[in-house]
Every structure is written in C-alpha cells, then in structure tokens.
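One file, query07.tsv, is given below (TSV, C-alpha atoms and all ligand atoms).
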chain	number	residue	atom	x	y	z
Z	1	MET	CA	-19.38	-7.21	17.69
Z	2	GLN	CA	-17.53	-9.73	19.77
Z	3	ASN	CA	-17.36	-12.29	16.97
Z	4	MET	CA	-15.91	-10.05	14.31
Z	5	SER	CA	-12.38	-11.48	14.33
Z	6	ASP	CA	-11.50	-13.92	11.59
Z	7	LYS	CA	-8.38	-15.48	10.14
Z	8	ALA	CA	-8.11	-12.93	7.35
Z	9	SER	CA	-8.21	-9.93	9.63
Z	10	LYS	CA	-5.80	-11.56	12.09
Z	11	ALA	CA	-3.39	-12.15	9.23
Z	12	ALA	CA	-3.77	-8.56	8.10
Z	13	THR	CA	-3.12	-7.31	11.62
Z	14	ALA	CA	-0.06	-9.53	11.90
Z	15	THR	CA	1.50	-7.86	8.88
Z	16	ARG	CA	1.31	-4.48	10.56
Z	17	ASP	CA	4.01	-3.21	12.89
Z	18	THR	CA	3.10	-4.68	16.24
Z	19	GLY	CA	6.46	-4.01	17.87
Z	20	SER	CA	7.12	-1.51	20.60
Z	21	MET	CA	6.43	2.22	20.14
Z	22	ARG	CA	10.08	2.56	19.20
Z	23	PRO	CA	11.10	-0.46	17.15
Z	24	ARG	CA	14.82	-1.14	17.41
Z	25	GLY	CA	16.52	1.40	15.19
Z	26	GLY	CA	13.20	3.11	14.47
Z	27	PRO	CA	12.42	6.79	14.89
Z	28	SER	CA	11.78	8.24	18.35
Z	29	LYS	CA	8.29	9.22	19.43
Z	30	ALA	CA	9.29	12.91	19.10
Z	31	ALA	CA	10.48	12.31	15.54
Z	32	ILE	CA	7.28	10.46	14.64
Z	33	TYR	CA	5.10	13.32	15.86
Z	34	GLU	CA	7.26	15.96	14.20
Z	35	ALA	CA	6.91	14.10	10.90
Z	36	LEU	CA	3.16	13.81	11.48
Z	37	ARG	CA	2.83	17.58	11.90
Z	38	GLY	CA	4.61	18.06	8.58
Z	39	GLU	CA	2.46	15.48	6.80
Z	40	LEU	CA	-0.76	16.89	8.23
Z	41	GLY	CA	0.24	20.40	7.17
Z	42	LYS	CA	0.68	19.20	3.59
Z	43	LEU	CA	-2.63	17.32	3.61
Z	44	ILE	CA	-4.74	20.25	4.75
Z	45	THR	CA	-2.94	23.10	3.01
Z	46	ASP	CA	-5.27	23.20	0.03
Z	47	GLN	CA	-8.22	21.34	1.47
Z	48	THR	CA	-10.76	22.43	4.08
Z	49	ASP	CA	-13.48	19.82	3.46
Z	50	PHE	CA	-14.59	18.15	6.69
Z	51	LEU	CA	-14.89	14.53	5.50
Z	52	ALA	CA	-11.79	14.71	3.31
Z	53	ASN	CA	-9.64	16.06	6.11
Z	54	ILE	CA	-10.81	13.81	8.94
Z	55	SER	CA	-10.58	10.77	6.62
Z	56	ASN	CA	-6.98	11.60	5.81
Z	57	PHE	CA	-6.27	12.28	9.47
Z	58	ALA	CA	-7.44	8.79	10.49
Z	59	ALA	CA	-5.39	7.22	7.67
Z	60	LEU	CA	-2.33	9.30	8.55
Z	61	LEU	CA	-2.35	8.23	12.19
Z	62	PHE	CA	-3.06	4.59	11.38
Z	63	SER	CA	-0.26	4.38	8.83
Z	64	SER	CA	2.30	6.37	10.85
Z	65	LEU	CA	1.89	5.39	14.50
Z	66	PRO	CA	3.30	2.00	15.49
Z	67	ASN	CA	1.17	-0.58	17.18
Z	68	LEU	CA	-2.39	0.48	16.35
Z	69	ASN	CA	-5.18	-1.82	15.22
Z	70	TRP	CA	-7.87	0.85	14.86
Z	71	ALA	CA	-7.93	4.63	14.39
Z	72	GLY	CA	-10.95	6.73	13.60
Z	73	PHE	CA	-13.75	9.08	14.51
Z	74	TYR	CA	-17.16	8.79	16.10
Z	75	LEU	CA	-19.21	11.88	15.24
Z	76	LEU	CA	-21.87	13.50	17.36
Z	77	ARG	CA	-25.43	12.99	16.10
Z	78	GLY	CA	-27.96	14.20	18.67
Z	79	SER	CA	-27.09	12.33	21.86
Z	80	ASP	CA	-25.31	9.51	20.02
Z	81	LEU	CA	-21.92	9.04	18.47
Z	82	VAL	CA	-22.08	7.60	14.96
Z	83	LEU	CA	-19.15	5.90	13.28
Z	84	GLY	CA	-17.15	8.22	11.03
Z	85	PRO	CA	-14.03	7.83	8.89
Z	86	PHE	CA	-11.68	5.18	10.27
Z	87	GLN	CA	-8.99	2.61	9.49
Z	88	GLY	CA	-9.14	-0.90	10.91
Z	89	LYS	CA	-11.76	-3.60	11.23
Z	90	PRO	CA	-15.48	-2.78	10.89
Z	91	ALA	CA	-16.72	-1.36	14.18
Z	92	CYS	CA	-19.84	-0.59	16.21
Z	93	SER	CA	-21.78	1.99	14.21
Z	94	CYS	CA	-23.46	3.84	17.07
Z	95	ILE	CA	-22.44	4.52	20.67
Z	96	ALA	CA	-24.69	6.38	23.09
Z	97	MET	CA	-23.33	9.38	24.95
Z	98	GLY	CA	-21.81	8.06	28.19
Z	99	ASP	CA	-21.37	4.49	26.94
Z	100	GLY	CA	-18.00	2.79	26.58
Z	101	VAL	CA	-14.72	4.65	26.39
Z	102	CYS	CA	-15.90	6.82	23.48
Z	103	GLY	CA	-19.15	7.89	25.11
Z	104	THR	CA	-17.35	8.60	28.36
Z	105	ALA	CA	-14.83	10.90	26.65
Z	106	ALA	CA	-17.61	12.67	24.77
Z	107	LEU	CA	-19.76	13.12	27.88
Z	108	GLN	CA	-16.86	14.38	29.98
Z	109	ARG	CA	-15.38	16.34	27.07
Z	110	ALA	CA	-12.03	15.04	28.24
Z	111	ALA	CA	-9.41	12.55	27.10
Z	112	VAL	CA	-9.73	8.99	28.40
Z	113	LEU	CA	-6.64	6.77	28.41
Z	114	VAL	CA	-7.30	3.10	29.11
Z	115	PRO	CA	-4.13	1.05	29.69
Z	116	ASN	CA	-6.12	-2.20	29.83
Z	117	VAL	CA	-9.52	-2.24	28.15
Z	118	HIS	CA	-10.53	-5.38	30.07
Z	119	ALA	CA	-10.37	-3.35	33.29
Z	120	PHE	CA	-12.62	-0.53	32.00
Z	121	PRO	CA	-16.24	-1.08	33.07
Z	122	GLY	CA	-18.53	-0.84	30.05
Z	123	HIS	CA	-15.76	-1.02	27.46
Z	124	ILE	CA	-17.33	-1.80	24.08
Z	125	VAL	CA	-15.47	-4.52	22.16
Z	126	CYS	CA	-15.18	-3.83	18.44
Z	127	ASP	CA	-11.93	-5.68	17.74
Z	128	GLU	CA	-10.90	-8.45	20.10
Z	129	ALA	CA	-7.25	-7.61	19.40
Z	130	SER	CA	-7.57	-4.31	21.26
Z	131	GLN	CA	-5.80	-4.25	24.62
Z	132	SER	CA	-5.47	-0.52	25.29
Z	133	GLU	CA	-7.26	2.54	24.01
Z	134	MET	CA	-7.14	6.33	23.96
Z	135	VAL	CA	-10.14	8.51	23.14
Z	136	LEU	CA	-9.87	12.26	22.66
Z	137	PRO	CA	-12.77	14.69	22.29
Z	138	VAL	CA	-12.69	16.73	19.08
Z	139	PHE	CA	-13.71	20.38	19.13
Z	140	LYS	CA	-14.23	23.15	16.60
Z	141	ASP	CA	-14.36	26.62	18.15
Z	142	ASN	CA	-14.91	25.00	21.58
Z	143	ARG	CA	-17.96	23.05	20.32
Z	144	LEU	CA	-17.84	19.25	20.42
Z	145	ILE	CA	-17.88	17.41	17.07
Z	146	GLY	CA	-17.20	13.90	18.30
Z	147	VAL	CA	-14.23	11.83	19.40
Z	148	LEU	CA	-11.06	10.36	17.96
Z	149	ASP	CA	-10.57	6.73	19.03
Z	150	LEU	CA	-7.22	4.90	18.87
Z	151	ASP	CA	-6.92	1.21	19.75
Z	152	SER	CA	-3.79	-0.87	20.26
Z	153	PRO	CA	-3.07	-4.59	20.59
Z	154	GLN	CA	-0.45	-3.67	23.22
Z	155	LEU	CA	-1.30	-3.06	26.88
Z	156	GLY	CA	-0.47	0.48	28.04
Z	157	ARG	CA	0.29	1.68	24.52
Z	158	PHE	CA	-0.76	5.33	25.09
Z	159	ASP	CA	0.79	7.87	27.47
Z	160	ASP	CA	0.47	11.58	28.17
Z	161	THR	CA	2.96	12.40	25.42
Z	162	ASP	CA	0.69	10.67	22.88
Z	163	ARG	CA	-2.30	12.51	24.30
Z	164	GLU	CA	-0.63	15.94	24.16
Z	165	GLN	CA	0.83	15.39	20.69
Z	166	ILE	CA	-2.39	14.08	19.19
Z	167	GLU	CA	-4.44	16.83	20.85
Z	168	ALA	CA	-2.10	19.32	19.16
Z	169	LEU	CA	-2.57	17.53	15.82
Z	170	LEU	CA	-6.35	17.66	16.29
Z	171	ARG	CA	-6.21	21.42	16.95
Z	172	MET	CA	-4.15	21.85	13.79
Z	173	LEU	CA	-6.63	19.70	11.85
Z	174	MET	CA	-9.64	21.63	13.05
Z	175	GLU	CA	-8.08	25.04	12.47
Z	176	GLY	CA	-7.72	24.06	8.82
Z	177	THR	CA	-11.12	22.42	8.41
Z	178	GLU	CA	-14.57	23.88	7.79
Z	179	VAL	CA	-17.17	22.06	9.88
Z	180	PRO	CA	-20.83	22.10	8.81
Z	181	GLU	CA	-23.09	23.56	11.49
Z	182	PHE	CA	-25.10	20.34	11.86
Z	183	ARG	CA	-21.94	18.49	12.98
Z	184	LEU	CA	-21.44	20.79	15.97
Z	185	ALA	CA	-22.88	20.42	19.45
Z	186	PRO	CA	-25.11	23.35	20.43
Z	187	PRO	CA	-23.08	26.23	21.92
Z	188	ASP	CA	-22.81	26.13	25.73
C	201	LIG	N1	-13.92	0.49	22.45
C	201	LIG	C1	-14.76	1.62	22.15
C	201	LIG	C2	-15.69	1.31	21.02
C	201	LIG	C3	-15.18	1.69	19.69
C	201	LIG	S1	-14.06	0.64	19.06
C	201	LIG	O1	-12.96	0.38	19.97
C	201	LIG	C4	-13.56	1.05	17.55
C	201	LIG	C5	-15.54	2.05	23.38
C	201	LIG	O2	-15.54	1.36	24.39
C	201	LIG	O3	-16.19	3.10	23.31
Here is the file; what I need is its structure written in the form of structure tokens.
Amino acid sequence: MQNMSDKASKAATATRDTGSMRPRGGPSKAAIYEALRGELGKLITDQTDFLANISNFAALLFSSLPNLNWAGFYLLRGSDLVLGPFQGKPACSCIAMGDGVCGTAALQRAAVLVPNVHAFPGHIVCDEASQSEMVLPVFKDNRLIGVLDLDSPQLGRFDDTDREQIEALLRMLMEGTEVPEFRLAPPD
C-alpha cells in the first residue's frame, strides 16, 4: 500500500481544492455543513437502499468538503472491516478490528481524530498524501455497521465541529437508509 502513489494520482490530487478549510472568499464551515444537510436530504428522500445511499454519501462529502484526499466507508464483516464505497485512491481492502485508525474507532465505537497520522502508532498508509484523518463509527439502531474514514493532505484538518456535523449527517443518513441484517453487528 505504501507504493500506491504515482504521477497521475498526484496530478489528480493537485487539481482538487487543497487550500484551507475556508478558502479566501469561500463559504464558512457552518455554511458548508448547512448545504450538505440540504443535499443529503434530497439524495435520500426517495431512496433507502444501503449501497446507493452510502455511495452517494461518500461522494457528497468528497466533492463538498475542502481539503480531502479520501472519503469512504469500511464495513463490518465478522471481526474485520472490509472496504466499502469510497472516493479517492484505491485503498487497503481489509482492516482487522483494532488495527489502524479505522479498527481503533470500530473497536472503541468512538470517533478518532488524528491531527498527524505519522504520530499515530499503527496508522495504516493507503495514500501517502494523507497527513490527518478522522474516523467515525457508523450505527443503525445502536448497532455498529462500520466506520466512515476521511483523510486530508493537511495536518490538523479535522476538529470537533467537523466531528459533530458529520456525526449528525451520519445519523440523518442512517435514519433514511434500510440496512440489511447481515451488515449489522450482533445486538449488545
Ligand atoms: N489510514 C487508515 C486506513 C484506511 S485509509 O486511510 C483509506 C487506518 O489507519 O485505519
């Protein structure tokens, strides 16, 4: 996984917005998340399919939030997390529960914000451009489904406002999505 970068993907990344969270003259963080709630509402109004909705969710975040190089899901499969819908470079396809940032968030069933991935013991490198990362557990009716992983080429890209806003978006997503039983962790 550590040798996945190449000129083409670096060029593609360079064409994305890699400025600050609030590019000069750009919308505020509050405005970005308000717009995201509206867009998500439209996307899930007439659609409850699990893969359709989480695929659109990953694409919505990746195309709307500044300064991301990867956004997507790892979905629970037994005691592993298997790569789900995402946007960004190809990534590790399977992460064991407890491994890396994703496995840590899944095991702890809690958000993990990593301001500098190089300082996180056991961080799994999927895109060498990543400098900071935020992983949020995803639940349906209080049962774990997997995690949402966001990566940024900027150190310290994610803060508690991002966490709270994206957790709220995930709740909205899951309220409007039917999740097949086999995707859910066993009830506690
Ligand atoms: N960095 C993650 C692996 C997934 S990729 O970043 C897409 C981790 O340490 O779990």
(request) State, in Å with one decimal place, the distance from atom CA of Z:Pro85 to atom CA of Z:Asp149. (result)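 Taking atom CA of Z:Pro85 and atom CA of Z:Asp149, their separation equals 10.8 Å.
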(message) Which residue is closest to ligand LIG 201 (chain C)? Choose from Z:Asn142, Z:Ser63, Z:Gln165, Z:Ser130 and count all atoms listed in the file.
(response)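 That would be Z:Ser130, the residue with the smallest distance to ligand LIG 201 (chain C).
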(request) Grab the atom CA of Z:Thr48 to atom CA of Z:Glu178 distance for me, in Å with one decimal place. (result)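 One can read the atom CA of Z:Thr48 to atom CA of Z:Glu178 distance as 5.5 Å.
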(message) 9 Å from ligand LIG 201 (chain C) is the threshold here; counting all atoms listed in the file, which polymer residues fall inside it? Answer as a PyMOL selection string.
(response) chain Z and resi 70-74+83+86+88-95+98-105+117+120+122-127+130+132-133+135+149-151
(message) One decimal, in Å: what's the spacing between atom CA of Z:Ala168 and atom CA of Z:His118?
(response)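 Distance reported for this atom pair: 28.3 Å.
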(request) Fewer than 5 positions away in the same chain doesn't count, so skip those; otherwise give me all residues within 12 Å of stretch 51-58 of chain Z, counting all atoms listed in the file, as a PyMOL selection string. (result) chain Z and resi 36-37+39-46+63-65+68-75+83-88+138+145-151+166+169-180+183
(message) Nearest residue to Z:Phe50 out of Z:Ala106, Z:Pro187, Z:Arg163, Z:Lys140, using only C-alpha atoms?
(response) Z:Lys140
(message) I'd like to know which of Z:Glu181, Z:Glu34, Z:Asp49, Z:Asp80 is closest to Z:Arg143, using only C-alpha atoms.
(response)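 When distances to Z:Arg143 are compared using only C-alpha atoms, the smallest one comes from Z:Glu181.
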(request) Go through Z:Ile32, Z:Leu136, Z:Ala129, Z:Leu144 one by one, measure the shortest atom-to-atom distance of each to Z:Phe182 using all atoms listed in the file, and give the residue with the smallest value. (result)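 Ranked by minimum distance to Z:Phe182, first place goes to Z:Leu144.
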(request) Using all atoms listed in the file, find the one residue out of Z:Asp141, Z:Glu167, Z:Asp188, Z:Asp162 that sits nearest to Z:Lys29. (result)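 Counting all atoms listed in the file, the residue closest to Z:Lys29 is Z:Asp162.
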